$ cat start16.cif   # mmCIF, C-alpha atoms and all ligand atoms
data_coords
loop_
_atom_site.label_atom_id
_atom_site.label_comp_id
_atom_site.auth_asym_id
_atom_site.auth_seq_id
_atom_site.Cartn_x
_atom_site.Cartn_y
_atom_site.Cartn_z
CA SER A 294 -35.00 -40.45 33.22
CA ASN A 295 -37.22 -38.64 30.77
CA PHE A 296 -38.69 -36.75 33.59
CA LEU A 297 -35.28 -35.68 34.85
CA GLU A 298 -34.23 -34.44 31.44
CA PHE A 299 -37.43 -32.52 31.23
CA GLU A 300 -36.72 -30.99 34.58
CA ASN A 301 -33.17 -30.10 33.50
CA GLU A 302 -34.38 -28.35 30.39
CA LYS A 303 -36.54 -26.20 32.55
CA ASN A 304 -33.62 -25.09 34.65
CA VAL A 305 -32.24 -21.84 33.34
CA LEU A 306 -29.47 -19.97 35.01
CA ILE A 307 -29.48 -16.26 34.47
CA VAL A 308 -26.54 -14.21 35.65
CA ILE A 309 -27.04 -10.50 35.72
CA ARG A 310 -23.93 -8.55 36.44
CA ASP A 311 -24.08 -4.84 37.05
CA ILE A 312 -21.10 -3.35 35.24
CA SER A 313 -22.09 0.30 35.53
CA GLY A 314 -19.28 2.37 36.94
CA THR A 315 -16.75 -0.42 36.36
CA LYS A 316 -13.58 -0.37 34.28
CA GLU A 317 -15.26 -2.88 31.96
CA LEU A 318 -17.98 -0.42 31.03
CA GLU A 319 -15.43 2.32 30.45
CA LYS A 320 -13.56 -0.04 28.13
CA LEU A 321 -16.73 -0.94 26.23
CA LYS A 322 -17.66 2.72 25.88
CA LYS A 323 -14.18 3.54 24.60
CA LEU A 324 -14.29 0.70 22.07
CA ASP A 325 -17.70 1.85 20.94
CA LYS A 326 -16.44 5.38 20.45
CA MET A 327 -13.43 4.08 18.49
CA LYS A 328 -15.73 2.03 16.28
CA MET A 329 -17.90 5.06 15.54
CA GLU A 330 -14.80 7.12 14.75
CA PHE A 331 -13.54 4.34 12.52
CA LEU A 332 -16.85 4.20 10.64
CA SER A 333 -16.86 7.92 10.06
CA MET A 334 -13.21 7.86 8.98
CA MET A 335 -13.84 4.91 6.64
CA SER A 336 -16.82 6.67 5.07
CA HIS A 337 -14.68 9.72 4.50
CA GLU A 338 -11.83 7.63 3.10
CA LEU A 339 -14.20 5.90 0.68
CA ARG A 340 -15.94 9.08 -0.35
CA THR A 341 -12.77 10.87 -1.45
CA PRO A 342 -11.77 8.48 -4.29
CA LEU A 343 -15.42 7.90 -5.15
CA SER A 344 -16.05 11.66 -5.62
CA ALA A 345 -13.01 11.92 -7.87
CA ILE A 346 -14.16 8.96 -10.00
CA LYS A 347 -17.62 10.46 -10.30
CA ALA A 348 -16.37 13.95 -11.16
CA TYR A 349 -13.95 12.71 -13.84
CA SER A 350 -16.40 10.30 -15.45
CA ASP A 351 -19.18 12.94 -15.40
CA THR A 352 -16.86 15.38 -17.17
CA ILE A 353 -15.91 12.80 -19.79
CA ILE A 354 -19.56 11.97 -20.52
CA ASP A 355 -20.78 15.59 -20.51
CA SER A 356 -17.93 17.19 -22.46
CA TYR A 357 -16.49 14.34 -24.51
CA GLU A 358 -16.21 16.44 -27.73
CA LEU A 359 -14.37 19.25 -25.98
CA LEU A 360 -11.58 17.12 -24.51
CA ASP A 361 -8.35 16.46 -26.39
CA ASP A 362 -6.73 13.02 -26.28
CA GLU A 363 -4.11 14.00 -23.73
CA THR A 364 -6.62 15.41 -21.25
CA LEU A 365 -8.86 12.40 -21.77
CA MET A 366 -5.98 10.03 -21.01
CA GLU A 367 -5.11 12.03 -17.90
CA PHE A 368 -8.71 11.67 -16.69
CA PHE A 369 -8.72 7.92 -17.37
CA ASN A 370 -5.46 7.58 -15.46
CA THR A 371 -6.93 9.38 -12.46
CA ILE A 372 -10.01 7.18 -12.56
CA GLN A 373 -7.78 4.11 -12.65
CA SER A 374 -5.57 5.13 -9.74
CA GLU A 375 -8.55 6.21 -7.62
CA THR A 376 -10.22 2.87 -8.35
CA ASN A 377 -7.06 1.08 -7.23
CA HIS A 378 -7.05 3.11 -4.05
CA LEU A 379 -10.70 2.25 -3.41
CA ASN A 380 -9.89 -1.40 -3.97
CA ARG A 381 -7.08 -1.30 -1.42
CA LEU A 382 -9.31 0.34 1.17
CA LEU A 383 -11.98 -2.30 0.72
CA ASN A 384 -9.41 -5.11 0.89
CA ASP A 385 -8.13 -3.64 4.16
CA LEU A 386 -11.63 -3.56 5.51
CA LEU A 387 -12.26 -7.15 4.45
CA ASP A 388 -9.02 -8.42 6.00
CA PHE A 389 -9.76 -6.49 9.11
CA SER A 390 -13.11 -8.20 9.56
CA LYS A 391 -11.63 -11.61 8.67
CA LEU A 392 -8.95 -11.12 11.32
CA GLU A 393 -11.58 -10.02 13.83
CA LEU A 394 -13.72 -13.07 13.05
CA LYS A 395 -10.61 -15.27 13.02
CA THR A 396 -11.51 -16.73 9.62
CA LEU A 397 -8.25 -15.77 7.93
CA ASN A 398 -6.17 -18.78 6.92
CA LEU A 399 -2.60 -18.70 5.68
CA GLU A 400 -1.72 -20.28 2.35
CA LYS A 401 2.00 -20.92 2.52
CA THR A 402 4.16 -21.48 -0.55
CA ASN A 403 7.87 -21.40 -1.38
CA PHE A 404 9.03 -18.09 -2.82
CA ASP A 405 11.90 -15.62 -2.88
CA ILE A 406 11.30 -12.83 -0.36
CA ASN A 407 13.85 -10.49 -1.98
CA GLU A 408 12.14 -10.86 -5.34
CA LEU A 409 8.83 -10.01 -3.63
CA ILE A 410 10.31 -6.89 -2.03
CA ASN A 411 11.68 -5.76 -5.41
CA GLU A 412 8.19 -6.19 -6.86
CA ILE A 413 6.67 -4.09 -4.06
CA CYS A 414 9.32 -1.38 -4.50
CA ASN A 415 8.45 -1.19 -8.21
CA THR A 416 4.75 -0.85 -7.44
CA LEU A 417 5.43 1.94 -4.95
CA GLU A 418 7.95 3.77 -7.14
CA ASP A 419 5.49 6.36 -8.44
CA PHE A 420 4.14 7.08 -4.97
CA ALA A 421 7.69 7.46 -3.66
CA LYS A 422 8.66 9.80 -6.49
CA LYS A 423 5.64 11.98 -5.86
CA ASN A 424 6.76 12.35 -2.25
CA GLU A 425 10.44 12.68 -3.18
CA VAL A 426 11.33 9.63 -1.11
CA ASN A 427 14.21 7.41 -2.12
CA ILE A 428 13.49 3.67 -1.75
CA ILE A 429 16.69 1.82 -0.94
CA PHE A 430 16.75 -1.94 -1.41
CA ASP A 431 19.70 -3.58 -3.05
CA ASN A 432 19.51 -7.20 -2.04
CA GLU A 433 19.54 -9.01 -5.39
CA LYS A 434 20.44 -12.40 -3.92
CA SER A 435 17.53 -14.78 -3.66
CA LEU A 436 16.24 -15.71 -0.22
CA GLU A 437 13.86 -18.66 -0.18
CA VAL A 438 11.04 -18.71 2.38
CA PHE A 439 7.90 -20.77 3.00
CA LEU A 440 5.22 -18.23 3.98
CA ASP A 441 1.93 -16.80 2.73
CA ARG A 442 3.14 -14.63 -0.17
CA THR A 443 -0.01 -12.52 -0.48
CA ARG A 444 -0.06 -11.75 3.25
CA MET A 445 3.66 -11.02 3.43
CA ARG A 446 3.25 -8.74 0.42
CA GLN A 447 0.55 -6.85 2.28
CA VAL A 448 2.67 -6.53 5.44
CA ILE A 449 5.73 -5.20 3.63
CA PHE A 450 3.69 -3.05 1.24
CA ASN A 451 1.89 -1.42 4.17
CA LEU A 452 5.09 -0.64 6.05
CA ILE A 453 6.89 0.85 3.04
CA GLN A 454 3.78 2.80 2.07
CA ASN A 455 3.53 4.21 5.62
CA ALA A 456 7.21 5.18 5.57
CA ILE A 457 6.54 7.20 2.40
CA LYS A 458 3.18 8.53 3.58
CA TYR A 459 4.65 9.84 6.83
CA SER A 460 7.81 11.24 5.24
CA ASP A 461 9.05 14.52 6.68
CA LYS A 462 8.58 17.36 4.16
CA ARG A 463 11.23 19.43 5.93
CA LYS A 464 13.99 16.91 5.29
CA GLU A 465 16.27 17.16 2.26
CA GLU A 466 17.08 13.49 1.71
CA LYS A 467 13.99 11.44 2.45
CA PHE A 468 14.46 7.68 2.39
CA VAL A 469 13.04 4.30 3.26
CA LYS A 470 15.58 1.52 3.53
CA ILE A 471 14.70 -2.17 3.48
CA GLN A 472 16.99 -4.96 4.61
CA THR A 473 16.53 -8.72 4.82
CA ARG A 474 18.64 -11.36 6.50
CA THR A 475 18.35 -14.70 8.24
CA VAL A 476 19.52 -15.63 11.68
CA ASN A 477 19.30 -19.37 12.28
CA GLN A 478 15.81 -20.30 11.04
CA GLU A 479 14.41 -16.80 11.40
CA LEU A 480 13.81 -14.31 8.62
CA ILE A 481 14.38 -10.70 9.65
CA ILE A 482 13.01 -7.81 7.60
CA GLU A 483 13.86 -4.24 8.60
CA ILE A 484 12.06 -1.24 7.19
CA GLU A 485 13.69 2.00 8.25
CA ASP A 486 12.75 5.59 7.40
CA ASN A 487 13.72 9.15 8.30
CA SER A 488 10.07 10.22 8.32
CA ILE A 489 8.25 12.18 11.02
CA GLY A 490 8.79 9.49 13.68
CA ILE A 491 6.48 8.43 16.49
CA LYS A 492 6.18 9.76 20.04
CA GLU A 493 7.46 7.47 22.80
CA GLU A 494 3.98 7.22 24.35
CA ASP A 495 2.50 6.15 20.98
CA LYS A 496 5.04 3.41 20.31
CA GLU A 497 2.83 0.57 21.52
CA LYS A 498 -0.47 2.20 20.60
CA VAL A 499 0.18 2.52 16.86
CA PHE A 500 -0.44 -1.25 16.54
CA ASP A 501 -3.88 -0.89 18.14
CA LYS A 502 -6.97 -1.00 15.97
CA PHE A 503 -8.16 2.41 14.80
CA TYR A 504 -5.30 4.19 16.56
CA ARG A 505 -3.85 7.20 14.78
CA SER A 506 -1.17 9.28 16.41
CA ASP A 507 -2.12 12.94 16.77
CA THR A 508 1.01 13.88 14.82
CA SER A 509 -0.51 12.29 11.71
CA LEU A 510 -3.64 14.30 12.39
CA THR A 511 -1.68 17.56 12.73
CA TYR A 512 0.15 16.83 9.49
CA GLU A 513 -3.25 16.12 7.91
CA ILE A 514 -2.11 12.79 6.51
CA GLN A 515 -5.14 10.64 5.72
CA GLY A 516 -5.62 7.13 7.02
CA THR A 517 -7.92 4.80 8.91
CA GLY A 518 -5.67 3.51 11.68
CA VAL A 519 -6.16 -0.15 10.81
CA GLY A 520 -3.04 -0.72 8.66
CA LEU A 521 -0.56 -1.51 11.42
CA SER A 522 -3.05 -3.62 13.38
CA ILE A 523 -3.50 -5.79 10.28
CA VAL A 524 0.28 -5.92 9.80
CA LYS A 525 0.80 -7.07 13.39
CA ASP A 526 -1.97 -9.68 13.22
CA MET A 527 -0.58 -11.12 9.98
CA VAL A 528 2.97 -11.32 11.32
CA GLU A 529 1.68 -13.04 14.45
CA LEU A 530 -0.41 -15.48 12.37
CA HIS A 531 2.94 -16.49 10.84
CA GLY A 532 4.26 -17.11 14.36
CA GLY A 533 6.41 -13.98 14.22
CA THR A 534 6.83 -10.65 15.99
CA ILE A 535 7.07 -7.01 15.00
CA GLN A 536 9.13 -4.44 16.89
CA LEU A 537 9.36 -0.70 16.54
CA GLU A 538 12.31 1.57 17.22
CA THR A 539 11.46 5.20 16.70
CA GLN A 540 12.15 8.76 17.70
CA LEU A 541 9.87 11.71 17.06
CA GLY A 542 11.27 13.95 14.34
CA GLU A 543 14.02 11.44 13.50
CA GLY A 544 12.39 8.37 11.97
CA SER A 545 11.23 4.82 12.58
CA LYS A 546 12.45 1.29 12.12
CA PHE A 547 10.02 -1.63 11.98
CA ILE A 548 11.64 -5.02 12.56
CA ILE A 549 9.78 -8.17 11.54
CA THR A 550 10.98 -11.57 12.70
CA VAL A 551 9.24 -14.68 11.32
CA PRO A 552 10.19 -18.34 11.14
CA ARG A 553 11.58 -18.74 7.64
CA GLY A 554 9.77 -22.01 7.08
CA VAL A 555 12.59 -23.61 5.06
CA GLU A 556 15.91 -25.13 6.02
CA ASN A 557 19.02 -23.00 5.63
CA GLU A 558 21.13 -24.15 2.71
P1 LIG B 1 -3.04 4.97 9.22
O1 LIG B 1 -1.77 5.19 8.46
O2 LIG B 1 -4.20 4.63 8.37
O3 LIG B 1 -3.33 6.07 10.20
P2 LIG B 1 -1.70 2.73 10.52
O4 LIG B 1 -2.29 1.69 11.40
O5 LIG B 1 -0.97 2.28 9.31
O6 LIG B 1 -2.90 3.69 10.16
O7 LIG B 1 -0.72 3.61 11.41
C1 LIG B 1 -1.12 4.04 12.70
C2 LIG B 1 -0.41 5.34 13.07
O8 LIG B 1 0.98 5.09 13.24
C3 LIG B 1 -0.48 6.41 12.00
O9 LIG B 1 -1.64 7.19 12.14
C4 LIG B 1 0.77 7.21 12.24
O10 LIG B 1 0.55 8.17 13.24
C5 LIG B 1 1.74 6.19 12.79
N1 LIG B 1 2.74 5.69 11.78
C6 LIG B 1 2.68 4.53 11.10
N2 LIG B 1 3.77 4.35 10.33
C7 LIG B 1 4.55 5.43 10.51
C8 LIG B 1 5.84 5.84 10.02
N3 LIG B 1 6.54 5.09 9.16
N4 LIG B 1 6.35 7.02 10.46
C9 LIG B 1 5.65 7.78 11.34
N5 LIG B 1 4.46 7.45 11.86
C10 LIG B 1 3.89 6.29 11.46
#

$ encode --input "start16.cif" --output "structure tokens" --more "lines below"
Ligand code: ADP
Amino acid sequence: SNFLEFENEKNVLIVIRDISGTKELEKLKKLDKMKMEFLSMMSHELRTPLSAIKAYSDTIIDSYELLDDETLMEFFNTIQSETNHLNRLLNDLLDFSKLELKTLNLEKTNFDINELINEICNTLEDFAKKNEVNIIFDNEKSLEVFLDRTRMRQVIFNLIQNAIKYSDKRKEEKFVKIQTRTVNQELIIEIEDNSIGIKEEDKEKVFDKFYRSDTSLTYEIQGTGVGLSIVKDMVELHGGTIQLETQLGEGSKFIITVPRGVENE
């Protein structure tokens, strides 16, 4: 039997498949191109806050005596917000690779989803004000769920942030409206905006990795194109779905449905 095993170890099967000119190769090439674009976009995205942090800290060190307290505080504030931005970008990148490598695990706990949304709205208040967007969420009643709070925070944060980021400068009353409800054992979260909207042909693609609609490029709104793919992956990890209703120039509505995880009272 030793001999046989020895013989088996010597048997190697090599399959060489010629994929040149096939759809598969085209797909691989396209993915490769998207990865390169993503890398260059990410580098750009990281460089912007980094340059600001460097410029402001250089100025503080070089001209400390010349700066009054108010200016100094303003500089520190900018450094802080740019650092936060940098942190978010890196977290996105980390989650993205975890999701790709399938090493992301959910840590579910009991919490109040409406309280979480209020917290997110507070965090995004300054950003909304800067863009003159009105955040509408008036569900004060508590709604208990059993989900991964950190991940759900990210999902909702991302969607509200996008709604503000892609707001339509030409519109008078810009808004993002959030609603939560339960149907049977499902939690439904709707995030609706009257922002620039998404073209019919982009409706499915916006959830793809690295995909950025050309409208966002024309409007020169910065981004990496990974946000919505992370959102979708995280909702699906929870056993849920995400739908999009949208019309170019009118606005968008993202609808999340996830099993609530707790019994209805
Ligand atoms: P990013 O914002 O970094 O480009 P996302 O994955 O978050 O990446 O979004 C993908 C694309 O979907 C965006 O480039 C943009 O074109 C479009 N998009 C996302 N959210 C909205 C929204 N609320 N309104 C209009 N377009 C949106």

$ residues_near_ligand --input "start16.cif" --ligand "ligand LIG 1 (chain B)" --cutoff "8 Å" --atoms "all atoms listed in the file" --output "PyMOL selection string"
chain A and resi 451-460+485-491+495+499-510+514-523+544-546

$ write_last_selection --input "start16.cif" --atoms "C-alpha atoms" --output "tab-separated table (two decimals), in the coordinates of the input"
chain	number	residue	atom	x	y	z
A	451	ASN	CA	1.89	-1.42	4.17
A	452	LEU	CA	5.09	-0.64	6.05
A	453	ILE	CA	6.89	0.85	3.04
A	454	GLN	CA	3.78	2.80	2.07
A	455	ASN	CA	3.53	4.21	5.62
A	456	ALA	CA	7.21	5.18	5.57
A	457	ILE	CA	6.54	7.20	2.40
A	458	LYS	CA	3.18	8.53	3.58
A	459	TYR	CA	4.65	9.84	6.83
A	460	SER	CA	7.81	11.24	5.24
A	485	GLU	CA	13.69	2.00	8.25
A	486	ASP	CA	12.75	5.59	7.40
A	487	ASN	CA	13.72	9.15	8.30
A	488	SER	CA	10.07	10.22	8.32
A	489	ILE	CA	8.25	12.18	11.02
A	490	GLY	CA	8.79	9.49	13.68
A	491	ILE	CA	6.48	8.43	16.49
A	495	ASP	CA	2.50	6.15	20.98
A	499	VAL	CA	0.18	2.52	16.86
A	500	PHE	CA	-0.44	-1.25	16.54
A	501	ASP	CA	-3.88	-0.89	18.14
A	502	LYS	CA	-6.97	-1.00	15.97
A	503	PHE	CA	-8.16	2.41	14.80
A	504	TYR	CA	-5.30	4.19	16.56
A	505	ARG	CA	-3.85	7.20	14.78
A	506	SER	CA	-1.17	9.28	16.41
A	507	ASP	CA	-2.12	12.94	16.77
A	508	THR	CA	1.01	13.88	14.82
A	509	SER	CA	-0.51	12.29	11.71
A	510	LEU	CA	-3.64	14.30	12.39
A	514	ILE	CA	-2.11	12.79	6.51
A	515	GLN	CA	-5.14	10.64	5.72
A	516	GLY	CA	-5.62	7.13	7.02
A	517	THR	CA	-7.92	4.80	8.91
A	518	GLY	CA	-5.67	3.51	11.68
A	519	VAL	CA	-6.16	-0.15	10.81
A	520	GLY	CA	-3.04	-0.72	8.66
A	521	LEU	CA	-0.56	-1.51	11.42
A	522	SER	CA	-3.05	-3.62	13.38
A	523	ILE	CA	-3.50	-5.79	10.28
A	544	GLY	CA	12.39	8.37	11.97
A	545	SER	CA	11.23	4.82	12.58
A	546	LYS	CA	12.45	1.29	12.12

$ atom_distance --input "start16.cif" --atom1 "CA of Thr364 (chain A)" --atom2 "CA of Lys347 (chain A)"
16.3 Å

$ atom_distance --input "start16.cif" --atom1 "CA of Gly542 (chain A)" --atom2 "CA of Lys470 (chain A)"
17.0 Å

$ closest_residue --input "start16.cif" --among "A:Thr475, A:Ser435, A:Gln536, A:Ser350" --to "Leu409 (chain A)" --atoms "all atoms listed in the file"
A:Ser435

$ atom_distance --input "start16.cif" --atom1 "CA of Pro342 (chain A)" --atom2 "CA of Arg444 (chain A)"
24.6 Å

$ closest_residue --input "start16.cif" --among "A:Glu363, A:Asp431, A:Glu437, A:Glu400" --to "Cys414 (chain A)" --atoms "only C-alpha atoms"
A:Asp431

$ closest_residue --input "start16.cif" --among "A:Ile449, A:Ala345, A:Leu440, A:Leu332" --to "Val551 (chain A)" --atoms "all atoms listed in the file"
A:Leu440

$ build_atoms --input "start16.cif" --residues "region 308-327 of chain A" --atoms "N, CA and C atoms" --output "PDB file, in the frame of the given file"
ATOM      1  N   VAL A 308     -27.459 -15.013  34.836  1.00  0.00           N
ATOM      2  CA  VAL A 308     -26.540 -14.210  35.650  1.00  0.00           C
ATOM      3  C   VAL A 308     -26.643 -12.772  35.204  1.00  0.00           C
ATOM      4  N   ILE A 309     -27.001 -11.924  36.071  1.00  0.00           N
ATOM      5  CA  ILE A 309     -27.040 -10.500  35.720  1.00  0.00           C
ATOM      6  C   ILE A 309     -25.952  -9.800  36.516  1.00  0.00           C
ATOM      7  N   ARG A 310     -25.024  -9.217  35.752  1.00  0.00           N
ATOM      8  CA  ARG A 310     -23.930  -8.550  36.440  1.00  0.00           C
ATOM      9  C   ARG A 310     -24.042  -7.053  36.176  1.00  0.00           C
ATOM     10  N   ASP A 311     -23.994  -6.283  37.211  1.00  0.00           N
ATOM     11  CA  ASP A 311     -24.080  -4.840  37.050  1.00  0.00           C
ATOM     12  C   ASP A 311     -22.669  -4.303  36.789  1.00  0.00           C
ATOM     13  N   ILE A 312     -22.451  -3.823  35.542  1.00  0.00           N
ATOM     14  CA  ILE A 312     -21.100  -3.350  35.240  1.00  0.00           C
ATOM     15  C   ILE A 312     -21.023  -1.825  35.193  1.00  0.00           C
ATOM     16  N   SER A 313     -22.133  -1.158  35.570  1.00  0.00           N
ATOM     17  CA  SER A 313     -22.090   0.300  35.530  1.00  0.00           C
ATOM     18  C   SER A 313     -21.037   0.800  36.516  1.00  0.00           C
ATOM     19  N   GLY A 314     -20.308   1.786  36.081  1.00  0.00           N
ATOM     20  CA  GLY A 314     -19.280   2.370  36.940  1.00  0.00           C
ATOM     21  C   GLY A 314     -18.022   1.527  37.048  1.00  0.00           C
ATOM     22  N   THR A 315     -17.959   0.402  36.297  1.00  0.00           N
ATOM     23  CA  THR A 315     -16.750  -0.420  36.360  1.00  0.00           C
ATOM     24  C   THR A 315     -15.808  -0.073  35.210  1.00  0.00           C
ATOM     25  N   LYS A 316     -14.589  -0.574  35.331  1.00  0.00           N
ATOM     26  CA  LYS A 316     -13.580  -0.370  34.280  1.00  0.00           C
ATOM     27  C   LYS A 316     -14.060  -0.990  32.972  1.00  0.00           C
ATOM     28  N   GLU A 317     -14.768  -2.135  33.113  1.00  0.00           N
ATOM     29  CA  GLU A 317     -15.260  -2.880  31.960  1.00  0.00           C
ATOM     30  C   GLU A 317     -16.162  -2.006  31.084  1.00  0.00           C
ATOM     31  N   LEU A 318     -17.049  -1.275  31.742  1.00  0.00           N
ATOM     32  CA  LEU A 318     -17.980  -0.420  31.030  1.00  0.00           C
ATOM     33  C   LEU A 318     -17.223   0.703  30.318  1.00  0.00           C
ATOM     34  N   GLU A 319     -16.253   1.256  31.038  1.00  0.00           N
ATOM     35  CA  GLU A 319     -15.430   2.320  30.450  1.00  0.00           C
ATOM     36  C   GLU A 319     -14.766   1.821  29.169  1.00  0.00           C
ATOM     37  N   LYS A 320     -14.259   0.566  29.265  1.00  0.00           N
ATOM     38  CA  LYS A 320     -13.560  -0.040  28.130  1.00  0.00           C
ATOM     39  C   LYS A 320     -14.508  -0.228  26.946  1.00  0.00           C
ATOM     40  N   LEU A 321     -15.729  -0.728  27.274  1.00  0.00           N
ATOM     41  CA  LEU A 321     -16.730  -0.940  26.230  1.00  0.00           C
ATOM     42  C   LEU A 321     -17.117   0.367  25.572  1.00  0.00           C
ATOM     43  N   LYS A 322     -17.291   1.403  26.398  1.00  0.00           N
ATOM     44  CA  LYS A 322     -17.660   2.720  25.880  1.00  0.00           C
ATOM     45  C   LYS A 322     -16.572   3.249  24.948  1.00  0.00           C
ATOM     46  N   LYS A 323     -15.311   3.048  25.377  1.00  0.00           N
ATOM     47  CA  LYS A 323     -14.180   3.540  24.600  1.00  0.00           C
ATOM     48  C   LYS A 323     -14.110   2.833  23.246  1.00  0.00           C
ATOM     49  N   LEU A 324     -14.334   1.500  23.290  1.00  0.00           N
ATOM     50  CA  LEU A 324     -14.290   0.700  22.070  1.00  0.00           C
ATOM     51  C   LEU A 324     -15.408   1.127  21.122  1.00  0.00           C
ATOM     52  N   ASP A 325     -16.558   1.402  21.708  1.00  0.00           N
ATOM     53  CA  ASP A 325     -17.700   1.850  20.940  1.00  0.00           C
ATOM     54  C   ASP A 325     -17.407   3.169  20.246  1.00  0.00           C
ATOM     55  N   LYS A 326     -16.778   4.058  20.988  1.00  0.00           N
ATOM     56  CA  LYS A 326     -16.440   5.380  20.450  1.00  0.00           C
ATOM     57  C   LYS A 326     -15.425   5.216  19.312  1.00  0.00           C
ATOM     58  N   MET A 327     -14.437   4.307  19.521  1.00  0.00           N
ATOM     59  CA  MET A 327     -13.430   4.080  18.490  1.00  0.00           C
ATOM     60  C   MET A 327     -14.066   3.499  17.237  1.00  0.00           C
TER      61      MET A 327
END
